[in-house]
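As provided, work_3.txt (compact mmCIF, C-alpha atoms) reads as follows.
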# COMPACT_ATOMS: atom_id res chain seq x y z
CA MET A 20 61.70 117.70 111.54
CA PRO A 21 63.88 116.64 108.62
CA PHE A 22 65.46 120.03 108.03
CA ARG A 23 66.26 120.60 111.70
CA CYS A 24 67.84 117.17 111.95
CA LEU A 25 69.88 117.82 108.85
CA GLN A 26 70.98 121.19 110.20
CA ARG A 27 72.15 119.54 113.40
CA TYR A 28 74.21 116.93 111.54
CA VAL A 29 75.76 119.56 109.27
CA ASN A 30 76.55 122.27 111.81
CA ILE A 31 78.36 120.08 114.37
CA PRO A 32 80.82 118.49 111.89
CA LEU A 33 81.30 121.88 110.28
CA ALA A 34 82.37 123.43 113.55
CA LEU A 35 84.76 120.56 114.23
CA LEU A 36 86.24 120.77 110.74
CA ILE A 37 86.88 124.48 111.00
CA ILE A 38 88.74 123.94 114.28
CA LEU A 39 90.68 120.80 113.38
CA MET A 40 91.47 121.06 109.67
CA PRO A 41 94.38 123.54 109.92
CA ALA A 42 96.16 121.23 112.37
CA VAL A 43 95.45 118.19 110.22
CA ALA A 44 96.75 119.96 107.12
CA VAL A 45 99.99 120.91 108.83
CA GLY A 46 100.53 117.41 110.19
CA MET A 47 99.93 115.61 106.89
CA PRO A 48 102.98 114.69 104.80
CA ARG A 49 103.03 116.84 101.67
CA GLN A 50 104.48 114.05 99.52
CA GLU A 51 106.10 116.36 97.00
CA ARG A 52 107.61 114.66 93.99
CA LEU A 53 111.38 114.94 93.82
CA VAL A 54 113.11 115.41 90.47
CA SER A 55 116.40 113.56 89.94
CA VAL A 56 119.22 115.35 88.14
CA ALA A 57 122.71 114.20 87.19
CA PHE A 58 125.17 117.07 86.80
CA LEU A 59 128.06 115.61 84.82
CA GLY A 60 130.15 118.76 84.98
CA ILE A 61 131.80 120.86 82.28
CA ALA A 62 134.59 120.09 79.84
CA PHE A 63 137.00 123.04 80.12
CA THR A 64 139.66 124.06 77.62
CA GLU A 65 142.48 126.53 78.32
CA THR A 66 140.98 127.70 81.62
CA GLN A 67 142.53 128.17 85.03
CA PRO A 68 141.80 125.54 87.71
CA ASP A 69 140.35 128.14 90.08
CA VAL A 70 137.95 129.34 87.38
CA GLU A 71 136.83 125.77 86.70
CA ALA A 72 136.32 124.98 90.37
CA THR A 73 134.31 128.16 90.98
CA ILE A 74 131.97 127.61 88.03
CA ILE A 75 131.30 123.98 88.96
CA SER A 76 130.73 124.94 92.59
CA ASP A 77 128.36 127.78 91.69
CA LEU A 78 126.32 125.63 89.31
CA LEU A 79 126.02 122.85 91.84
CA ALA A 80 125.02 125.23 94.63
CA MET A 81 122.39 126.83 92.38
CA MET A 82 120.78 123.44 91.68
CA ARG A 83 120.89 122.30 95.30
CA LEU A 84 119.10 125.44 96.47
CA GLU A 85 115.93 124.02 94.91
CA GLN A 86 114.42 121.64 97.46
CA GLY A 87 112.50 119.74 94.79
CA LEU A 88 115.69 118.53 93.08
CA VAL A 89 117.92 115.60 93.99
CA VAL A 90 121.26 116.37 92.36
CA SER A 91 124.10 113.92 91.75
CA PRO A 92 127.37 115.93 91.55
CA PRO A 93 130.25 115.30 89.13
CA SER A 94 132.37 113.69 91.87
CA GLN A 95 129.70 111.07 92.56
CA LEU A 96 129.17 110.35 88.86
CA ARG A 97 132.91 110.02 88.34
CA GLU A 98 132.92 107.19 90.86
CA LEU A 99 129.85 105.55 89.31
CA ILE A 100 130.86 105.51 85.64
CA GLY A 101 134.61 106.22 85.75
CA ARG A 102 136.68 109.28 84.92
CA GLU A 103 137.50 108.21 81.35
CA ARG A 104 133.90 107.59 80.36
CA LEU A 105 132.77 110.82 82.00
CA GLU A 106 135.33 112.88 80.11
CA LYS A 107 134.39 111.19 76.84
CA LEU A 108 130.71 111.97 77.39
CA LEU A 109 131.49 115.61 78.20
CA SER A 110 133.63 116.07 75.12
CA ALA A 111 130.86 114.95 72.74
CA LEU A 112 127.54 115.65 74.49
CA LYS A 113 125.68 113.35 72.09
CA ASN A 114 121.97 112.88 72.65
CA GLU A 115 121.89 109.10 72.31
CA GLU A 116 124.76 108.64 74.77
CA MET A 117 123.22 110.99 77.30
CA PHE A 118 119.80 109.39 77.13
CA ALA A 119 121.37 105.96 77.54
CA LEU A 120 123.23 107.24 80.60
CA ALA A 121 120.03 108.73 82.02
CA ASP A 122 118.35 105.33 81.65
CA GLU A 123 121.33 103.64 83.29
CA LEU A 124 121.40 106.05 86.24
CA GLY A 125 117.62 106.28 86.55
CA VAL A 126 117.62 110.09 86.51
CA GLU A 127 115.14 112.35 84.79
CA TYR A 128 117.58 115.03 83.60
CA ILE A 129 121.26 115.36 82.80
CA PHE A 130 123.09 118.68 82.88
CA ALA A 131 126.46 119.10 81.18
CA GLY A 132 128.49 121.67 79.29
CA ARG A 133 131.64 122.69 77.45
CA LEU A 134 133.55 125.93 77.93
CA ALA A 135 136.76 127.14 76.31
CA ASN A 136 138.79 130.25 77.01
CA LYS A 137 138.90 132.24 73.75
CA SER A 138 140.53 135.37 75.13
CA ASP A 139 143.75 136.70 73.59
CA ASP A 140 144.39 138.67 76.77
CA PRO A 141 146.11 136.51 79.43
CA GLN A 142 144.60 138.76 82.11
CA ARG A 143 141.03 138.03 81.03
CA THR A 144 139.00 134.84 80.53
CA LEU A 145 136.43 134.77 77.75
CA LEU A 146 134.27 131.67 78.17
CA VAL A 147 132.70 130.38 74.96
CA GLY A 148 130.70 127.17 74.66
CA ASP A 149 127.36 125.70 75.60
CA PHE A 150 125.42 124.24 78.48
CA LYS A 151 122.88 121.48 77.84
CA ARG A 152 119.95 119.81 79.52
CA PHE A 153 118.97 116.32 78.41
CA ASP A 154 115.40 115.23 79.24
CA ARG A 155 115.08 111.49 79.64
CA THR A 156 111.27 111.32 79.33
CA THR A 157 110.85 113.41 76.17
CA ARG A 158 114.18 112.38 74.63
CA GLN A 159 114.91 116.03 73.89
CA SER A 160 117.94 118.20 74.60
CA PHE A 161 118.08 121.94 75.12
CA THR A 162 121.09 124.21 74.69
CA ILE A 163 122.17 127.56 76.06
CA GLU A 164 124.94 129.13 74.00
CA ILE A 165 127.52 130.94 76.13
CA ALA A 166 129.94 133.73 75.25
CA ARG A 167 130.78 135.68 78.38
CA TYR A 168 133.80 137.05 80.21
CA TYR A 169 134.41 135.26 83.47
CA HIS A 170 133.77 138.31 85.64
CA ASP A 171 130.26 138.53 84.13
CA PHE A 172 129.52 134.80 84.29
CA GLY A 173 126.90 135.37 86.98
CA GLU A 174 124.54 136.42 84.19
CA GLU A 175 124.88 133.00 82.59
CA LEU A 176 124.26 131.31 85.94
CA ARG A 177 121.01 133.25 86.34
CA ARG A 178 120.02 132.34 82.79
CA ILE A 179 120.68 128.64 83.38
CA HIS A 180 118.73 128.80 86.61
CA ARG A 181 115.78 130.52 84.96
CA GLU A 182 115.59 128.45 81.76
CA PHE A 183 116.86 125.03 82.80
CA VAL A 184 116.35 124.67 86.55
CA LEU A 185 113.15 126.48 87.47
CA SER A 186 111.32 124.89 84.55
CA ILE A 187 111.75 121.39 86.04
CA VAL A 188 111.28 122.14 89.74
CA PRO A 189 107.99 120.57 90.93
CA SER A 190 105.26 122.84 92.21
CA THR A 191 105.21 123.30 95.99
CA GLN A 192 101.42 123.31 96.01
CA SER A 193 100.20 119.79 96.74
CA PHE A 194 96.91 118.01 97.33
CA TRP A 195 97.55 117.88 101.08
CA THR A 196 97.57 121.69 101.30
CA ARG A 197 94.33 122.00 99.31
CA TRP A 198 91.99 119.24 100.51
CA PRO A 199 90.96 120.82 103.87
CA VAL A 200 89.87 123.95 102.03
CA LEU A 201 87.89 121.89 99.52
CA VAL A 202 86.15 119.87 102.26
CA ILE A 203 85.27 122.92 104.35
CA GLY A 204 84.06 124.77 101.27
CA GLY A 205 81.79 121.89 100.31
CA ILE A 206 80.27 121.62 103.78
CA LEU A 207 79.71 125.37 103.91
CA VAL A 208 77.76 125.17 100.67
CA VAL A 209 75.64 122.31 102.02
CA GLY A 210 75.03 124.25 105.23
CA MET A 211 73.90 127.32 103.32
CA VAL A 212 71.51 125.25 101.22
CA VAL A 213 70.03 123.68 104.36
CA LEU A 214 69.52 127.08 105.98
CA LEU A 215 67.87 128.49 102.87
CA LEU A 216 65.48 125.56 102.51
CA SER A 217 64.59 125.19 106.20
CA PRO A 218 61.18 126.57 107.46
CA GLY A 219 61.24 130.11 108.77
CA LYS A 220 59.38 129.24 112.02
CA THR A 221 60.93 126.84 114.48
CA THR A 222 60.13 125.75 118.01
CA ILE A 223 62.32 125.31 121.04
CA GLU A 224 63.56 121.74 121.24
CA GLY A 225 61.50 119.65 123.69
CA GLN A 226 58.62 122.16 123.67
CA THR A 227 55.50 121.82 121.54
CA PRO A 228 53.32 124.72 120.42
CA PRO A 229 49.84 125.08 121.95
CA PRO A 230 46.80 123.78 120.06
CA GLY A 231 45.86 125.88 117.08
CA GLY A 232 49.42 127.02 116.60
CA GLN A 233 49.04 130.03 118.96
CA GLU A 234 51.57 130.66 121.68
CA GLY A 235 50.21 131.48 125.13
Written form, structure tokens:
Amino acid sequence: MPFRCLQRYVNIPLALLIILMPAVAVGMPRQERLVSVAFLGIAFTETQPDVEATIISDLLAMMRLEQGLVVSPPSQLRELIGRERLEKLLSALKNEEMFALADELGVEYIFAGRLANKSDDPQRTLLVGDFKRFDRTTRQSFTIEIARYYHDFGEELRRIHREFVLSIVPSTQSFWTRWPVLVIGGILVVGMVVLLLSPGKTTIEGQTPPPGGQEG
């Protein structure tokens, strides 16, 4: 019978898929897209070396925590383009220069900033300036204005992370984690349709009903 044959060919693969698909999904490469970022650093004015080193280190660590980002640190960029050029770029932060550098480096985003100590109290550091993200694809730049005492600078780090970093991190959900569910769901639907359309009375395989349709 057509329906019984169709049921047989649907049910067997369905059972195999339900058993094997989780293992297949785990074994498949997820092929997540990685986002390239160049962190040029920060141009500091009137700040202590330990303050500068801590801020750069914290920013870099924050970016590298995101597995979807490939970050080039200031030290690497200094070797690539030279200290003098890097310092000149940081002092101006001009869009056209940053986009040209992004094209040259082949990165999607450039992060850079400027911070100056504006405190009159030698015992305190008041950091005033800006932190920028330059987007190579859209040719747009975005700015976070900063005015924060050093001991509260963690708030600015969280703000940069939220507004500049998380917004460019690729989604962890990929096709390879979804396709087994889609396949199994489709076969389940087909199986339900077959069951609904199949005749209500069936016979045991290999056995034929007696003449007249009556069972003995």
For CA of Ser91 (chain A) and CA of Asp69 (chain A), quote the distance in Å rounded to one decimal.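 Between these atoms lies a distance of 21.7 Å.
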Once you count all atoms listed in the file, which residues end up no further than 7 Å from (122.3, 115.9, 83.6) in the file's frame, shown as a PyMOL selection string? chain A and resi 56-59+128-131+152-153
One-decimal distance in Å that lies between CA of Thr144 (chain A) and CA of Val70 (chain A): 8.8 Å
Between CA of Phe63 (chain A) and CA of Gly173 (chain A), distance in Å (one decimal):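 Computed distance, CA of Phe63 (chain A) to CA of Gly173 (chain A), equals 17.4 Å.
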Considering all atoms listed in the file, can you say which of A:Glu127, A:Glu103, A:Glu98, A:Asp77 comes closest to Val54 (chain A)?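 Ranking A:Glu127, A:Glu103, A:Glu98, A:Asp77 by distance to Val54 (chain A), first place goes to A:Glu127.
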Within 10 Å of Leu88 (chain A), counting all atoms listed in the file, which residues show up once you throw out same-chain ones fewer than 4 positions away? Write them as a list in words, please.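 Residues meeting the cut-off are Arg52, Leu53, Val54, Ser55, Val56, Met82, Arg83, Leu84, Val184, Ile187, Val188 and Pro189 of chain A.
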May I have the residues within 12 Å of Ser160 (chain A) as a PyMOL selection string, using all atoms listed in the file and disregarding those fewer than 2 positions away in the same chain? chain A and resi 112-118+128-131+150-158+162-163+183
Export of the given selection (C-alpha atoms) as a short mmCIF file (atom, residue, chain, number, x, y, z; two decimals), in the frame of the given file:
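Generated file (part-v5.cif):
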data_model
loop_
_atom_site.label_atom_id
_atom_site.label_comp_id
_atom_site.auth_asym_id
_atom_site.auth_seq_id
_atom_site.Cartn_x
_atom_site.Cartn_y
_atom_site.Cartn_z
CA LEU A 112 127.54 115.65 74.49
CA LYS A 113 125.68 113.35 72.09
CA ASN A 114 121.97 112.88 72.65
CA GLU A 115 121.89 109.10 72.31
CA GLU A 116 124.76 108.64 74.77
CA MET A 117 123.22 110.99 77.30
CA PHE A 118 119.80 109.39 77.13
CA TYR A 128 117.58 115.03 83.60
CA ILE A 129 121.26 115.36 82.80
CA PHE A 130 123.09 118.68 82.88
CA ALA A 131 126.46 119.10 81.18
CA PHE A 150 125.42 124.24 78.48
CA LYS A 151 122.88 121.48 77.84
CA ARG A 152 119.95 119.81 79.52
CA PHE A 153 118.97 116.32 78.41
CA ASP A 154 115.40 115.23 79.24
CA ARG A 155 115.08 111.49 79.64
CA THR A 156 111.27 111.32 79.33
CA THR A 157 110.85 113.41 76.17
CA ARG A 158 114.18 112.38 74.63
CA THR A 162 121.09 124.21 74.69
CA ILE A 163 122.17 127.56 76.06
CA PHE A 183 116.86 125.03 82.80
#
All residues 12 Å or closer to Glu175 (chain A), all atoms listed in the file, same chain fewer than 2 positions away omitted, as a list of chain:residue names: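 Non-adjacent residues within range: A:Ile74, A:Asp77, A:Leu78, A:Met81, A:Leu146, A:Val147, A:Gly148, A:Asp149, A:Phe150, A:Ile163, A:Glu164, A:Ile165, A:Ala166, A:Arg167, A:Tyr168, A:Tyr169, A:His170, A:Asp171, A:Phe172, A:Gly173, A:Arg177, A:Arg178, A:Ile179, A:His180, A:Arg181, A:Glu182, A:Phe183.
If you measure from each of A:Arg102, A:Gln86, A:Val126, A:Gln67 to Ser190 (chain A) using all atoms listed in the file, the closest one turns out to be A:Gln86.
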